[in-house]
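Each remark here refers to the structure printed beneath this line.
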Amino acid sequence: MKDNPKEFDFNTCLQRISVKDTDALETLYREMKDPVYRYALTLLQDHGLAEDAMQITFLKIMANADTYRSGMTGKAWIMAIVRNTCHDLRQKRTPVAEDDVINSVKDENVIDALTDVIAVREAFRKLSPEEREIMSLYIFSGLRQTEIAQVMKIPYIKVRSKYGYAVKKLRKELGQDEK
């Protein structure tokens, strides 16, 4: 999506939403529902709460689009709303029983795929919460490190450093150490 001349125009879409254009909201939802959900899931570690966070986020966007100012990219502004929404919902976490899911599946290919997903999830859990959040914003939202710094309200150099450490940790955990 980056470097694409037909890249989604968040600023125009948010301006249209600020004047209650429901078509623009629907367009934004289609464009951002997956990154919003994945980021919320990373922060909350609960599918139900992540769904709630996604819905609340889009309601907040609709209600507050007129407060958006172009000092931050539209995507970064949206992800900041997700972050704040998740912060509000964070106390409602519940654990997920992954082993029960694997034990109930008999297909070897499905088991291998689930095992890979769980390995990545476990590797992600070895990261600090801040590193997980940075990686999530980078991977799922496609934000640049400068935009991540704006969303998280931390210095760019800290984002850059934490991102580098997180990549090294993930490679080590997944057995992909650079020689």
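Chain labels run A, B, ... following the order of the structure tokens; each chain numbers its residues from 1, and ligands are numbered from 1 in the order shown.
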
Shell around Ile17 in chain A at 12 Å using only C-alpha atoms, local window under 2 positions removed, as number ranges by chain: A: 10-15, 19-29, 58-68

Residues as selected, N, CA, C and O atoms, written as a tab-separated table (two decimals), in the first residue's frame, can you do that?
chain	number	residue	atom	x	y	z
A	10	PHE	N	-6.63	9.23	3.87
A	10	PHE	CA	-7.25	9.31	5.19
A	10	PHE	C	-7.76	10.72	5.49
A	10	PHE	O	-8.84	10.88	6.06
A	11	ASN	N	-6.98	11.72	5.13
A	11	ASN	CA	-7.36	13.10	5.46
A	11	ASN	C	-8.70	13.47	4.83
A	11	ASN	O	-9.58	14.00	5.50
A	12	THR	N	-8.86	13.18	3.54
A	12	THR	CA	-10.11	13.49	2.86
A	12	THR	C	-11.26	12.69	3.47
A	12	THR	O	-12.35	13.23	3.70
A	13	CYS	N	-11.00	11.42	3.74
A	13	CYS	CA	-12.04	10.57	4.30
A	13	CYS	C	-12.48	11.10	5.67
A	13	CYS	O	-13.68	11.19	5.96
A	14	LEU	N	-11.53	11.48	6.51
A	14	LEU	CA	-11.87	12.00	7.84
A	14	LEU	C	-12.60	13.34	7.75
A	14	LEU	O	-13.51	13.61	8.54
A	15	GLN	N	-12.24	14.16	6.77
A	15	GLN	CA	-12.96	15.42	6.57
A	15	GLN	C	-14.41	15.14	6.19
A	15	GLN	O	-15.33	15.80	6.67
A	19	VAL	N	-18.33	15.78	8.46
A	19	VAL	CA	-19.60	16.40	8.05
A	19	VAL	C	-20.69	15.33	7.91
A	19	VAL	O	-21.65	15.48	7.16
A	20	LYS	N	-20.48	14.23	8.65
A	20	LYS	CA	-21.46	13.14	8.79
A	20	LYS	C	-21.74	12.37	7.48
A	20	LYS	O	-22.85	11.91	7.24
A	21	ASP	N	-20.71	12.21	6.65
A	21	ASP	CA	-20.81	11.42	5.43
A	21	ASP	C	-20.66	9.94	5.79
A	21	ASP	O	-19.56	9.46	6.07
A	22	THR	N	-21.78	9.22	5.83
A	22	THR	CA	-21.75	7.81	6.25
A	22	THR	C	-21.06	6.92	5.22
A	22	THR	O	-20.50	5.89	5.59
A	23	ASP	N	-21.07	7.31	3.95
A	23	ASP	CA	-20.34	6.54	2.94
A	23	ASP	C	-18.84	6.58	3.22
A	23	ASP	O	-18.14	5.59	3.07
A	24	ALA	N	-18.35	7.73	3.65
A	24	ALA	CA	-16.93	7.87	3.99
A	24	ALA	C	-16.59	7.00	5.20
A	24	ALA	O	-15.53	6.37	5.23
A	25	LEU	N	-17.49	6.96	6.17
A	25	LEU	CA	-17.26	6.11	7.34
A	25	LEU	C	-17.21	4.64	6.93
A	25	LEU	O	-16.35	3.89	7.39
A	26	GLU	N	-18.11	4.25	6.06
A	26	GLU	CA	-18.11	2.87	5.58
A	26	GLU	C	-16.82	2.54	4.82
A	26	GLU	O	-16.23	1.49	4.99
A	27	THR	N	-16.37	3.47	4.01
A	27	THR	CA	-15.11	3.30	3.27
A	27	THR	C	-13.94	3.17	4.23
A	27	THR	O	-13.08	2.30	4.08
A	28	LEU	N	-13.90	4.03	5.24
A	28	LEU	CA	-12.83	3.98	6.24
A	28	LEU	C	-12.88	2.65	6.99
A	28	LEU	O	-11.85	2.04	7.24
A	29	TYR	N	-14.07	2.21	7.34
A	29	TYR	CA	-14.22	0.94	8.05
A	29	TYR	C	-13.65	-0.20	7.22
A	29	TYR	O	-12.89	-1.03	7.73
A	58	PHE	N	-14.52	2.98	15.96
A	58	PHE	CA	-15.21	3.59	14.83
A	58	PHE	C	-16.32	4.54	15.28
A	58	PHE	O	-16.58	5.55	14.62
A	59	LEU	N	-16.93	4.26	16.41
A	59	LEU	CA	-17.91	5.21	16.96
A	59	LEU	C	-17.21	6.50	17.37
A	59	LEU	O	-17.72	7.60	17.13
A	60	LYS	N	-16.03	6.36	17.98
A	60	LYS	CA	-15.26	7.55	18.39
A	60	LYS	C	-14.79	8.34	17.17
A	60	LYS	O	-14.78	9.58	17.19
A	61	ILE	N	-14.39	7.64	16.12
A	61	ILE	CA	-13.97	8.33	14.89
A	61	ILE	C	-15.14	9.14	14.34
A	61	ILE	O	-14.99	10.31	13.98
A	62	MET	N	-16.30	8.52	14.29
A	62	MET	CA	-17.49	9.20	13.77
A	62	MET	C	-17.82	10.43	14.63
A	62	MET	O	-18.11	11.50	14.12
A	63	ALA	N	-17.72	10.27	15.94
A	63	ALA	CA	-18.08	11.35	16.85
A	63	ALA	C	-17.03	12.46	16.89
A	63	ALA	O	-17.36	13.62	17.17
A	64	ASN	N	-15.76	12.12	16.62
A	64	ASN	CA	-14.69	13.09	16.82
A	64	ASN	C	-13.91	13.45	15.56
A	64	ASN	O	-12.86	14.09	15.65
A	65	ALA	N	-14.39	13.07	14.40
A	65	ALA	CA	-13.67	13.36	13.16
A	65	ALA	C	-13.43	14.85	12.98
A	65	ALA	O	-12.42	15.26	12.40
A	66	ASP	N	-14.34	15.67	13.49
A	66	ASP	CA	-14.17	17.11	13.34
A	66	ASP	C	-13.03	17.66	14.19
A	66	ASP	O	-12.59	18.80	13.99
A	67	THR	N	-12.49	16.87	15.12
A	67	THR	CA	-11.36	17.33	15.94
A	67	THR	C	-10.02	16.93	15.32
A	67	THR	O	-8.98	17.37	15.80
A	68	TYR	N	-10.05	16.12	14.27
A	68	TYR	CA	-8.80	15.69	13.62
A	68	TYR	C	-8.12	16.89	12.97
A	68	TYR	O	-8.73	17.67	12.26

Distance query Gln145 in chain A at most 8 Å, only C-alpha atoms, self and fewer than 3 positions along chain excluded, as a list in words: Tyr138, Ile148, Ala149, Tyr156, Val159 and Arg160 of chain A

Take the selection from the previous step and output its residues with C-alpha atoms, as a PDB file, in the first residue's frame.
ATOM      1  CA  TYR A 138       4.346  -1.519  12.248  1.00  0.00           C
ATOM      2  CA  ILE A 148       4.423   5.124  15.799  1.00  0.00           C
ATOM      3  CA  ALA A 149       6.295   7.625  17.964  1.00  0.00           C
ATOM      4  CA  TYR A 156      11.334   8.454  17.629  1.00  0.00           C
ATOM      5  CA  VAL A 159      10.748   3.535  18.816  1.00  0.00           C
ATOM      6  CA  ARG A 160      13.663   2.841  16.486  1.00  0.00           C
TER       7      ARG A 160
END

Which of range 18-95 of chain A DSSP labels alpha helix (DSSP H), written as an MDAnalysis selection string: chainID A and resid 18 22:44 47:64 74:89

Near-Thr85 in chain A list (12 Å; only C-alpha atoms; drop same-chain fewer than 3 positions) as a list in words: Val36, Tyr37, Tyr39, Ala40, Leu41, Leu43, Leu44, Leu49, Ala50, Glu51, Asp52, Ala53, Met54, Gln55, Ile56, Thr57, Phe58, Leu59, Lys60, Ile61, Ile78, Met79, Ala80, Ile81, Val82, Asp88, Leu89, Arg90 and Gln91 of chain A

Deliver the residues from the most recent selection as a file, using N, CA, C and O atoms, as a tab-separated table (two decimals), in the first residue's frame.
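Result file follows (selection.tsv):
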chain	number	residue	atom	x	y	z
A	36	VAL	N	-7.13	-2.18	12.68
A	36	VAL	CA	-7.65	-1.76	13.99
A	36	VAL	C	-7.86	-2.98	14.87
A	36	VAL	O	-7.43	-3.01	16.04
A	37	TYR	N	-8.49	-4.00	14.33
A	37	TYR	CA	-8.75	-5.21	15.11
A	37	TYR	C	-7.45	-5.89	15.54
A	37	TYR	O	-7.29	-6.27	16.70
A	39	TYR	N	-4.43	-4.63	15.91
A	39	TYR	CA	-3.74	-3.82	16.92
A	39	TYR	C	-4.44	-3.96	18.27
A	39	TYR	O	-3.79	-4.15	19.30
A	40	ALA	N	-5.75	-3.90	18.27
A	40	ALA	CA	-6.51	-4.05	19.52
A	40	ALA	C	-6.27	-5.43	20.11
A	40	ALA	O	-6.09	-5.57	21.33
A	41	LEU	N	-6.23	-6.45	19.27
A	41	LEU	CA	-5.98	-7.81	19.76
A	41	LEU	C	-4.58	-7.92	20.37
A	41	LEU	O	-4.39	-8.56	21.39
A	43	LEU	N	-2.95	-5.57	21.85
A	43	LEU	CA	-2.95	-4.87	23.15
A	43	LEU	C	-3.79	-5.58	24.20
A	43	LEU	O	-3.41	-5.59	25.37
A	44	LEU	N	-4.91	-6.17	23.80
A	44	LEU	CA	-5.84	-6.74	24.76
A	44	LEU	C	-5.71	-8.24	24.96
A	44	LEU	O	-6.15	-8.77	25.98
A	49	LEU	N	-12.85	-8.64	23.43
A	49	LEU	CA	-12.53	-7.24	23.77
A	49	LEU	C	-11.98	-6.50	22.56
A	49	LEU	O	-12.24	-5.30	22.39
A	50	ALA	N	-11.22	-7.19	21.71
A	50	ALA	CA	-10.68	-6.55	20.51
A	50	ALA	C	-11.82	-6.14	19.57
A	50	ALA	O	-11.78	-5.06	18.97
A	51	GLU	N	-12.84	-7.01	19.45
A	51	GLU	CA	-14.02	-6.66	18.65
A	51	GLU	C	-14.71	-5.43	19.24
A	51	GLU	O	-15.10	-4.52	18.51
A	52	ASP	N	-14.87	-5.43	20.56
A	52	ASP	CA	-15.49	-4.27	21.23
A	52	ASP	C	-14.67	-3.01	20.98
A	52	ASP	O	-15.23	-1.95	20.67
A	53	ALA	N	-13.36	-3.12	21.12
A	53	ALA	CA	-12.47	-1.97	20.90
A	53	ALA	C	-12.60	-1.45	19.48
A	53	ALA	O	-12.62	-0.23	19.25
A	54	MET	N	-12.71	-2.37	18.51
A	54	MET	CA	-12.84	-1.96	17.12
A	54	MET	C	-14.14	-1.17	16.92
A	54	MET	O	-14.15	-0.10	16.32
A	55	GLN	N	-15.23	-1.68	17.46
A	55	GLN	CA	-16.52	-1.00	17.31
A	55	GLN	C	-16.52	0.36	18.00
A	55	GLN	O	-16.98	1.36	17.44
A	56	ILE	N	-15.98	0.41	19.20
A	56	ILE	CA	-15.91	1.67	19.95
A	56	ILE	C	-15.03	2.67	19.20
A	56	ILE	O	-15.35	3.85	19.13
A	57	THR	N	-13.93	2.18	18.63
A	57	THR	CA	-13.03	3.05	17.88
A	57	THR	C	-13.76	3.74	16.74
A	57	THR	O	-13.64	4.95	16.56
A	58	PHE	N	-14.52	2.98	15.96
A	58	PHE	CA	-15.21	3.59	14.83
A	58	PHE	C	-16.32	4.54	15.28
A	58	PHE	O	-16.58	5.55	14.62
A	59	LEU	N	-16.93	4.26	16.41
A	59	LEU	CA	-17.91	5.21	16.96
A	59	LEU	C	-17.21	6.50	17.37
A	59	LEU	O	-17.72	7.60	17.13
A	60	LYS	N	-16.03	6.36	17.98
A	60	LYS	CA	-15.26	7.55	18.39
A	60	LYS	C	-14.79	8.34	17.17
A	60	LYS	O	-14.78	9.58	17.19
A	61	ILE	N	-14.39	7.64	16.12
A	61	ILE	CA	-13.97	8.33	14.89
A	61	ILE	C	-15.14	9.14	14.34
A	61	ILE	O	-14.99	10.31	13.98
A	78	ILE	N	-6.03	7.50	13.94
A	78	ILE	CA	-6.95	6.40	14.19
A	78	ILE	C	-6.33	5.40	15.17
A	78	ILE	O	-6.97	4.94	16.11
A	79	MET	N	-5.06	5.06	14.96
A	79	MET	CA	-4.41	4.09	15.83
A	79	MET	C	-4.23	4.64	17.24
A	79	MET	O	-4.26	3.88	18.21
A	80	ALA	N	-4.11	5.93	17.39
A	80	ALA	CA	-4.06	6.53	18.73
A	80	ALA	C	-5.42	6.35	19.42
A	80	ALA	O	-5.47	6.09	20.63
A	81	ILE	N	-6.50	6.46	18.67
A	81	ILE	CA	-7.83	6.23	19.24
A	81	ILE	C	-7.96	4.78	19.68
A	81	ILE	O	-8.47	4.49	20.76
A	82	VAL	N	-7.47	3.86	18.84
A	82	VAL	CA	-7.51	2.44	19.21
A	82	VAL	C	-6.74	2.22	20.51
A	82	VAL	O	-7.21	1.54	21.43
A	88	ASP	N	-8.71	1.80	27.98
A	88	ASP	CA	-9.95	1.83	28.77
A	88	ASP	C	-10.51	0.42	29.01
A	88	ASP	O	-11.13	0.16	30.03
A	89	LEU	N	-10.32	-0.49	28.06
A	89	LEU	CA	-10.89	-1.84	28.16
A	89	LEU	C	-9.94	-2.88	28.78
A	89	LEU	O	-10.35	-3.99	29.07
A	90	ARG	N	-8.70	-2.53	28.99
A	90	ARG	CA	-7.65	-3.48	29.35
A	90	ARG	C	-7.95	-4.30	30.60
A	90	ARG	O	-7.51	-5.43	30.73
A	91	GLN	N	-8.72	-3.78	31.53
A	91	GLN	CA	-8.98	-4.49	32.79
A	91	GLN	C	-9.90	-5.69	32.63
A	91	GLN	O	-10.04	-6.49	33.54
